[in-house]
file data.txt (compact mmCIF, C-alpha atoms and all ligand atoms)
# COMPACT_ATOMS: atom_id res chain seq x y z
CA ASP A 1 -83.80 -110.91 -78.94
CA ASP A 2 -83.93 -107.47 -77.34
CA ALA A 3 -80.74 -107.67 -75.27
CA PRO A 4 -78.98 -104.29 -75.25
CA VAL A 5 -76.30 -103.94 -77.91
CA ALA A 6 -72.81 -103.94 -76.43
CA HIS A 7 -71.60 -100.40 -76.96
CA PRO A 8 -68.05 -99.10 -77.16
CA ARG A 9 -68.82 -96.25 -74.73
CA ARG A 10 -70.56 -95.62 -71.43
CA ASN A 11 -72.01 -92.24 -72.41
CA PRO A 12 -73.46 -91.07 -75.71
CA ASN A 13 -71.59 -88.71 -78.02
CA ILE A 14 -73.81 -85.91 -79.27
CA ILE A 15 -73.26 -83.53 -82.18
CA ILE A 16 -75.08 -80.21 -81.87
CA THR A 17 -75.13 -78.69 -85.33
CA GLY A 18 -76.94 -75.97 -87.25
CA THR A 19 -76.32 -72.83 -89.27
CA PRO A 20 -74.30 -70.18 -87.36
CA GLY A 21 -76.70 -68.25 -85.11
CA THR A 22 -79.19 -71.08 -84.58
CA GLY A 23 -78.09 -71.44 -80.95
CA LYS A 24 -75.43 -74.16 -80.72
CA THR A 25 -73.26 -72.29 -78.21
CA THR A 26 -76.25 -71.21 -76.14
CA HIS A 27 -77.60 -74.77 -75.95
CA CYS A 28 -74.18 -76.21 -75.13
CA GLU A 29 -73.60 -73.67 -72.38
CA ALA A 30 -76.94 -74.57 -70.81
CA LEU A 31 -76.06 -78.26 -71.05
CA ALA A 32 -72.57 -77.63 -69.65
CA ALA A 33 -74.06 -75.89 -66.60
CA ARG A 34 -76.33 -78.87 -65.94
CA ILE A 35 -73.43 -81.29 -66.46
CA GLU A 36 -71.34 -79.36 -63.96
CA ALA A 37 -74.11 -79.49 -61.36
CA ALA A 38 -74.69 -83.20 -62.01
CA ALA A 39 -70.97 -83.93 -61.63
CA ALA A 40 -70.89 -81.93 -58.39
CA GLY A 41 -73.93 -83.82 -57.10
CA THR A 42 -75.99 -80.64 -56.72
CA ALA A 43 -78.34 -81.27 -59.66
CA PRO A 44 -81.85 -82.70 -59.37
CA GLU A 45 -82.15 -86.51 -59.58
CA GLY A 46 -83.31 -86.33 -63.21
CA ASP A 47 -79.94 -84.92 -64.31
CA ALA A 48 -77.83 -87.70 -62.79
CA ALA A 49 -77.17 -89.28 -66.19
CA LEU A 50 -75.24 -86.16 -67.23
CA ALA A 51 -72.47 -86.53 -64.66
CA GLU A 52 -69.87 -87.98 -67.04
CA LEU A 53 -70.65 -85.85 -70.08
CA ARG A 54 -68.46 -82.98 -71.28
CA HIS A 55 -68.86 -80.14 -73.73
CA ILE A 56 -66.13 -79.84 -76.35
CA ALA A 57 -66.26 -76.42 -78.01
CA VAL A 58 -64.88 -77.28 -81.43
CA ASN A 59 -64.13 -73.64 -82.22
CA ASP A 60 -61.74 -73.54 -79.28
CA VAL A 61 -60.09 -76.79 -80.39
CA VAL A 62 -59.60 -75.37 -83.90
CA ARG A 63 -58.04 -72.20 -82.50
CA ASP A 64 -56.05 -73.55 -79.56
CA ARG A 65 -54.68 -76.69 -81.21
CA ASN A 66 -54.04 -75.08 -84.58
CA CYS A 67 -56.43 -77.18 -86.64
CA HIS A 68 -56.45 -74.57 -89.38
CA ASP A 69 -54.46 -73.05 -92.21
CA GLY A 70 -54.98 -69.50 -91.04
CA TRP A 71 -57.72 -66.93 -90.57
CA ASP A 72 -59.82 -65.75 -93.47
CA ALA A 73 -60.14 -62.05 -92.62
CA GLU A 74 -62.63 -61.29 -95.36
CA TYR A 75 -64.92 -64.15 -94.37
CA GLN A 76 -64.12 -63.82 -90.66
CA SER A 77 -63.49 -67.50 -90.01
CA TRP A 78 -60.76 -70.10 -89.69
CA LEU A 79 -59.72 -72.13 -92.73
CA VAL A 80 -60.32 -75.38 -90.88
CA ASP A 81 -58.07 -78.41 -91.35
CA GLU A 82 -60.68 -81.13 -90.79
CA ASP A 83 -58.18 -84.01 -90.73
CA LYS A 84 -56.19 -82.34 -87.96
CA LEU A 85 -59.39 -81.51 -86.12
CA LEU A 86 -60.57 -85.12 -86.21
CA ASP A 87 -57.15 -86.29 -84.99
CA GLU A 88 -57.49 -83.93 -82.01
CA LEU A 89 -61.05 -85.07 -81.20
CA GLU A 90 -60.50 -88.80 -81.72
CA PRO A 91 -59.10 -89.73 -78.28
CA ASP A 92 -62.09 -88.21 -76.45
CA MET A 93 -64.76 -89.26 -78.91
CA THR A 94 -63.61 -92.86 -79.19
CA SER A 95 -62.89 -93.25 -75.47
CA GLU A 96 -64.71 -95.76 -73.31
CA ARG A 97 -66.13 -92.84 -71.33
CA GLY A 98 -67.59 -91.10 -74.41
CA GLY A 99 -70.10 -88.44 -73.44
CA CYS A 100 -68.76 -85.71 -75.72
CA ILE A 101 -71.14 -82.92 -76.64
CA VAL A 102 -69.63 -81.35 -79.72
CA ASP A 103 -70.94 -78.19 -81.38
CA TRP A 104 -70.01 -77.41 -84.95
CA HIS A 105 -71.57 -75.78 -88.01
CA ALA A 106 -71.05 -78.96 -90.03
CA CYS A 107 -71.64 -82.56 -89.07
CA ASP A 108 -70.74 -85.05 -91.77
CA LEU A 109 -67.00 -84.91 -91.02
CA PHE A 110 -67.58 -86.96 -87.85
CA PRO A 111 -67.44 -90.73 -88.53
CA ALA A 112 -70.83 -92.35 -87.93
CA SER A 113 -69.23 -94.80 -85.48
CA TRP A 114 -68.38 -91.85 -83.18
CA VAL A 115 -71.90 -90.46 -83.06
CA ASP A 116 -74.99 -91.48 -81.07
CA LEU A 117 -77.20 -88.42 -81.62
CA VAL A 118 -77.16 -85.51 -84.07
CA VAL A 119 -79.20 -82.49 -82.99
CA VAL A 120 -79.87 -80.09 -85.86
CA LEU A 121 -80.96 -76.70 -84.51
CA THR A 122 -83.06 -74.55 -86.80
CA ALA A 123 -84.30 -70.96 -86.62
CA ASP A 124 -86.75 -68.78 -88.52
CA THR A 125 -85.16 -66.53 -91.11
CA GLU A 126 -86.15 -63.42 -89.18
CA SER A 127 -84.63 -64.57 -85.90
CA LEU A 128 -81.49 -65.72 -87.67
CA TYR A 129 -81.13 -62.47 -89.59
CA ASP A 130 -81.37 -60.43 -86.38
CA ARG A 131 -78.85 -62.64 -84.60
CA LEU A 132 -76.30 -62.54 -87.42
CA ALA A 133 -76.78 -58.79 -87.88
CA LEU A 134 -75.81 -58.34 -84.22
CA ARG A 135 -72.59 -60.20 -84.98
CA LYS A 136 -71.83 -57.75 -87.77
CA TYR A 137 -71.17 -60.56 -90.23
CA PRO A 138 -69.90 -59.42 -93.63
CA GLU A 139 -72.84 -59.22 -96.06
CA ALA A 140 -71.74 -62.24 -98.16
CA LYS A 141 -71.34 -64.42 -95.08
CA MET A 142 -74.69 -63.24 -93.74
CA GLN A 143 -76.49 -64.06 -96.99
CA GLU A 144 -74.76 -67.41 -97.34
CA ASN A 145 -75.86 -68.47 -93.87
CA ILE A 146 -79.44 -67.30 -94.33
CA ASP A 147 -79.60 -69.19 -97.63
CA ALA A 148 -78.12 -72.31 -96.02
CA GLU A 149 -80.80 -72.18 -93.32
CA ILE A 150 -83.63 -71.72 -95.85
CA MET A 151 -82.24 -74.58 -97.96
CA GLN A 152 -81.94 -76.79 -94.85
CA VAL A 153 -78.33 -77.58 -95.73
CA LEU A 154 -77.40 -78.93 -92.28
CA LEU A 155 -80.52 -81.06 -91.99
CA THR A 156 -79.81 -82.63 -95.38
CA GLU A 157 -76.16 -83.14 -94.48
CA ALA A 158 -77.16 -84.89 -91.23
CA HIS A 159 -79.70 -87.12 -92.98
CA GLU A 160 -77.20 -88.10 -95.65
CA ALA A 161 -74.44 -88.97 -93.18
CA TYR A 162 -76.32 -90.69 -90.33
CA GLU A 163 -79.11 -93.18 -89.68
CA PRO A 164 -82.50 -91.43 -89.57
CA GLU A 165 -83.23 -92.54 -86.01
CA ILE A 166 -80.24 -90.65 -84.57
CA VAL A 167 -81.00 -87.32 -86.30
CA VAL A 168 -83.34 -84.91 -84.54
CA GLU A 169 -84.36 -81.44 -85.69
CA LEU A 170 -85.14 -78.93 -82.94
CA ALA A 171 -86.48 -75.40 -83.43
CA SER A 172 -84.50 -72.69 -81.66
CA ASN A 173 -86.47 -69.47 -81.98
CA THR A 174 -87.26 -68.56 -78.39
CA PRO A 175 -85.80 -69.03 -74.89
CA ASP A 176 -88.70 -71.45 -74.23
CA ASP A 177 -87.61 -73.50 -77.24
CA MET A 178 -84.09 -73.64 -75.87
CA GLU A 179 -85.24 -74.78 -72.45
CA ALA A 180 -87.45 -77.48 -73.96
CA ASN A 181 -84.64 -78.62 -76.28
CA VAL A 182 -82.15 -78.92 -73.44
CA ASP A 183 -84.68 -80.88 -71.34
CA ARG A 184 -85.27 -83.15 -74.30
CA ILE A 185 -81.55 -83.82 -74.78
CA VAL A 186 -81.15 -84.59 -71.06
CA ALA A 187 -84.10 -87.01 -71.22
CA TRP A 188 -82.57 -88.64 -74.29
CA VAL A 189 -79.20 -89.12 -72.52
CA THR A 190 -80.96 -90.67 -69.53
CA GLN A 191 -82.84 -93.10 -71.80
CA TRP A 192 -79.70 -93.96 -73.80
CA ARG A 193 -77.84 -94.93 -70.63
CA LYS A 194 -80.82 -96.99 -69.45
CA ASP A 195 -80.91 -98.78 -72.79
CA GLN A 196 -77.21 -99.61 -72.39
CA GLY A 197 -77.96 -101.05 -68.96
CA ALA A 198 -76.09 -98.26 -67.13
P1 LIG B 201 -74.40 -70.53 -82.71
O1 LIG B 201 -73.48 -71.08 -81.65
O2 LIG B 201 -75.24 -71.59 -83.36
O3 LIG B 201 -73.71 -69.66 -83.71
P2 LIG B 201 -75.42 -68.90 -80.55
O4 LIG B 201 -75.71 -69.88 -79.47
O5 LIG B 201 -74.16 -68.11 -80.42
O6 LIG B 201 -75.49 -69.59 -81.98
O7 LIG B 201 -76.68 -67.94 -80.63
C1 LIG B 201 -76.68 -66.77 -81.43
C2 LIG B 201 -77.48 -65.68 -80.75
O8 LIG B 201 -78.84 -66.03 -80.73
C3 LIG B 201 -77.10 -65.45 -79.29
O9 LIG B 201 -77.18 -64.06 -79.05
C4 LIG B 201 -78.17 -66.16 -78.50
C5 LIG B 201 -79.36 -66.11 -79.41
N1 LIG B 201 -80.19 -67.34 -79.33
C6 LIG B 201 -79.78 -68.59 -79.66
N2 LIG B 201 -80.78 -69.47 -79.49
C7 LIG B 201 -81.85 -68.76 -79.07
C8 LIG B 201 -83.20 -69.10 -78.73
N3 LIG B 201 -83.67 -70.37 -78.79
N4 LIG B 201 -84.02 -68.11 -78.31
C9 LIG B 201 -83.57 -66.84 -78.23
N5 LIG B 201 -82.32 -66.45 -78.54
C10 LIG B 201 -81.48 -67.39 -78.96
call {"tool": "encode", "arguments": {"input": "data.txt", "output": "structure tokens"}}
result
Amino acid sequence: DDAPVAHPRRNPNIIITGTPGTGKTTHCEALAARIEAAAAGTAPEGDAALAELRHIAVNDVVRDRNCHDGWDAEYQSWLVDEDKLLDELEPDMTSERGGCIVDWHACDLFPASWVDLVVVLTADTESLYDRLALRKYPEAKMQENIDAEIMQVLLTEAHEAYEPEIVVELASNTPDDMEANVDRIVAWVTQWRKDQGA
């Protein structure tokens, strides 16, 4: 029958992934602002489902809770200790509340049982190049990321690690794209909670 599946959490956990520069932080900040308004009761009715969600900036967790073996100066990034990172995220992501929005430039480290939706952001090569140039990435890192985007590395990783119906690819080239993507994620959260009988 079609009775809703009993779920271990009240709110969906969402991974926002994509090559660096595709817009993960920007999308999460927009979502976080809407979550804050929903939690404060000042958001429009349509955002009510967001009230119990929370954005977990994985970069901050890596840095602040020492989930790394140091800083790679040449490559300008942390040498991430994924086991430690998962240990730090586990209490929130496996909680009954759930509702974690997690942004990270990889996705298959997260156990499938923790994840309800994987959003893979993508950007045109030109947009991405301009964005990464602004960050003054070292040339090798710049090229590696552009190549990864062209080769659809994150999309493949998401499809290999998760069921097809929970992976969604969203283009992030313009501010209009971003607005539409955020609206779509909010609508998806609302539907997910309805499906769980919330
Ligand atoms: P990420 O967190 O994936 O590394 P970001 O959110 O920091 O990416 O975005 C990188 C830059 O690109 C930042 O200056 C904002 C801009 N940007 C991101 N998404 C965009 C979009 N859909 N339209 C226009 N600019 C965007």
call {"tool": "closest_residue", "arguments": {"input": "data.txt", "among": "A:Lys141, A:Leu170, A:Glu160, A:Glu82", "to": "A:Trp104", "atoms": "only C-alpha atoms"}}
result
A:Glu82
call {"tool": "closest_atom_pairs", "arguments": {"input": "data.txt", "of": "chain A", "to": "ligand LIG 201 (chain B)", "cutoff": "8 Å", "atoms": "only C-alpha atoms and all ligand atoms", "output": "tab-separated table"}}
result
residue	atom	partner	partner_atom	distance
A:Thr17	CA	B:LIG201	O2	7.4
A:Gly18	CA	B:LIG201	O2	6.1
A:Thr19	CA	B:LIG201	O2	6.1
A:Pro20	CA	B:LIG201	O3	3.7
A:Gly21	CA	B:LIG201	O3	3.6
A:Thr22	CA	B:LIG201	O2	4.2
A:Gly23	CA	B:LIG201	O4	3.2
A:Lys24	CA	B:LIG201	O2	3.7
A:Thr25	CA	B:LIG201	O1	3.7
A:Thr26	CA	B:LIG201	O4	3.6
A:His27	CA	B:LIG201	O4	6.3
A:Cys28	CA	B:LIG201	O4	7.8
A:Asp103	CA	B:LIG201	O1	7.6
A:Trp104	CA	B:LIG201	O1	7.9
A:His105	CA	B:LIG201	O2	7.3
A:Leu121	CA	B:LIG201	O2	7.8
A:Ala123	CA	B:LIG201	N3	7.9
A:Ser127	CA	B:LIG201	O8	7.9
A:Leu128	CA	B:LIG201	O8	7.4
A:Arg131	CA	B:LIG201	C2	5.1
A:Leu132	CA	B:LIG201	C1	7.3
A:Leu134	CA	B:LIG201	O9	7.8
A:Ala171	CA	B:LIG201	N3	7.4
A:Ser172	CA	B:LIG201	N3	3.8
A:Asn173	CA	B:LIG201	N3	4.3
A:Thr174	CA	B:LIG201	N4	3.3
A:Pro175	CA	B:LIG201	N4	4.0
A:Asp176	CA	B:LIG201	N3	6.9
A:Asp177	CA	B:LIG201	N3	5.3
A:Met178	CA	B:LIG201	N3	4.4
A:Glu179	CA	B:LIG201	N3	7.9
call {"tool": "write_last_selection", "arguments": {"input": "data.txt", "atoms": "C-alpha atoms", "output": "short mmCIF file (atom, residue, chain, number, x, y, z; two decimals), in the coordinates of the input"}}
result
data_model
loop_
_atom_site.label_atom_id
_atom_site.label_comp_id
_atom_site.auth_asym_id
_atom_site.auth_seq_id
_atom_site.Cartn_x
_atom_site.Cartn_y
_atom_site.Cartn_z
CA THR A 17 -75.13 -78.69 -85.33
CA GLY A 18 -76.94 -75.97 -87.25
CA THR A 19 -76.32 -72.83 -89.27
CA PRO A 20 -74.30 -70.18 -87.36
CA GLY A 21 -76.70 -68.25 -85.11
CA THR A 22 -79.19 -71.08 -84.58
CA GLY A 23 -78.09 -71.44 -80.95
CA LYS A 24 -75.43 -74.16 -80.72
CA THR A 25 -73.26 -72.29 -78.21
CA THR A 26 -76.25 -71.21 -76.14
CA HIS A 27 -77.60 -74.77 -75.95
CA CYS A 28 -74.18 -76.21 -75.13
CA ASP A 103 -70.94 -78.19 -81.38
CA TRP A 104 -70.01 -77.41 -84.95
CA HIS A 105 -71.57 -75.78 -88.01
CA LEU A 121 -80.96 -76.70 -84.51
CA ALA A 123 -84.30 -70.96 -86.62
CA SER A 127 -84.63 -64.57 -85.90
CA LEU A 128 -81.49 -65.72 -87.67
CA ARG A 131 -78.85 -62.64 -84.60
CA LEU A 132 -76.30 -62.54 -87.42
CA LEU A 134 -75.81 -58.34 -84.22
CA ALA A 171 -86.48 -75.40 -83.43
CA SER A 172 -84.50 -72.69 -81.66
CA ASN A 173 -86.47 -69.47 -81.98
CA THR A 174 -87.26 -68.56 -78.39
CA PRO A 175 -85.80 -69.03 -74.89
CA ASP A 176 -88.70 -71.45 -74.23
CA ASP A 177 -87.61 -73.50 -77.24
CA MET A 178 -84.09 -73.64 -75.87
CA GLU A 179 -85.24 -74.78 -72.45
#
call {"tool": "residues_around", "arguments": {"input": "data.txt", "residues": "A:Val62", "least_positions_apart": "5", "cutoff": "8 Å", "atoms": "only C-alpha atoms", "output": "list in words"}}
result
Cys67, His68, Trp78, Val80 and Leu85 of chain A
call {"tool": "residues_around", "arguments": {"input": "data.txt", "residues": "A:Glu169", "least_positions_apart": "2", "cutoff": "12 Å", "atoms": "only C-alpha atoms", "output": "PDB file with C-alpha atoms, keeping the file's coordinate frame"}}
result
ATOM      1  CA  ILE A  15     -73.260 -83.530 -82.180  1.00  0.00           C
ATOM      2  CA  ILE A  16     -75.080 -80.210 -81.870  1.00  0.00           C
ATOM      3  CA  THR A  17     -75.130 -78.690 -85.330  1.00  0.00           C
ATOM      4  CA  GLY A  18     -76.940 -75.970 -87.250  1.00  0.00           C
ATOM      5  CA  THR A  22     -79.190 -71.080 -84.580  1.00  0.00           C
ATOM      6  CA  LEU A 117     -77.200 -88.420 -81.620  1.00  0.00           C
ATOM      7  CA  VAL A 118     -77.160 -85.510 -84.070  1.00  0.00           C
ATOM      8  CA  VAL A 119     -79.200 -82.490 -82.990  1.00  0.00           C
ATOM      9  CA  VAL A 120     -79.870 -80.090 -85.860  1.00  0.00           C
ATOM     10  CA  LEU A 121     -80.960 -76.700 -84.510  1.00  0.00           C
ATOM     11  CA  THR A 122     -83.060 -74.550 -86.800  1.00  0.00           C
ATOM     12  CA  ALA A 123     -84.300 -70.960 -86.620  1.00  0.00           C
ATOM     13  CA  GLN A 152     -81.940 -76.790 -94.850  1.00  0.00           C
ATOM     14  CA  LEU A 154     -77.400 -78.930 -92.280  1.00  0.00           C
ATOM     15  CA  LEU A 155     -80.520 -81.060 -91.990  1.00  0.00           C
ATOM     16  CA  THR A 156     -79.810 -82.630 -95.380  1.00  0.00           C
ATOM     17  CA  ALA A 158     -77.160 -84.890 -91.230  1.00  0.00           C
ATOM     18  CA  HIS A 159     -79.700 -87.120 -92.980  1.00  0.00           C
ATOM     19  CA  PRO A 164     -82.500 -91.430 -89.570  1.00  0.00           C
ATOM     20  CA  GLU A 165     -83.230 -92.540 -86.010  1.00  0.00           C
ATOM     21  CA  ILE A 166     -80.240 -90.650 -84.570  1.00  0.00           C
ATOM     22  CA  VAL A 167     -81.000 -87.320 -86.300  1.00  0.00           C
ATOM     23  CA  ALA A 171     -86.480 -75.400 -83.430  1.00  0.00           C
ATOM     24  CA  SER A 172     -84.500 -72.690 -81.660  1.00  0.00           C
ATOM     25  CA  ASN A 181     -84.640 -78.620 -76.280  1.00  0.00           C
ATOM     26  CA  ARG A 184     -85.270 -83.150 -74.300  1.00  0.00           C
ATOM     27  CA  ILE A 185     -81.550 -83.820 -74.780  1.00  0.00           C
TER      28      ILE A 185
END
call {"tool": "residues_around", "arguments": {"input": "data.txt", "residues": "A:Ala51", "least_positions_apart": "2", "cutoff": "6 Å", "atoms": "all atoms listed in the file", "output": "PyMOL selection string"}}
result
chain A and resi 35+38-39+48-49+53
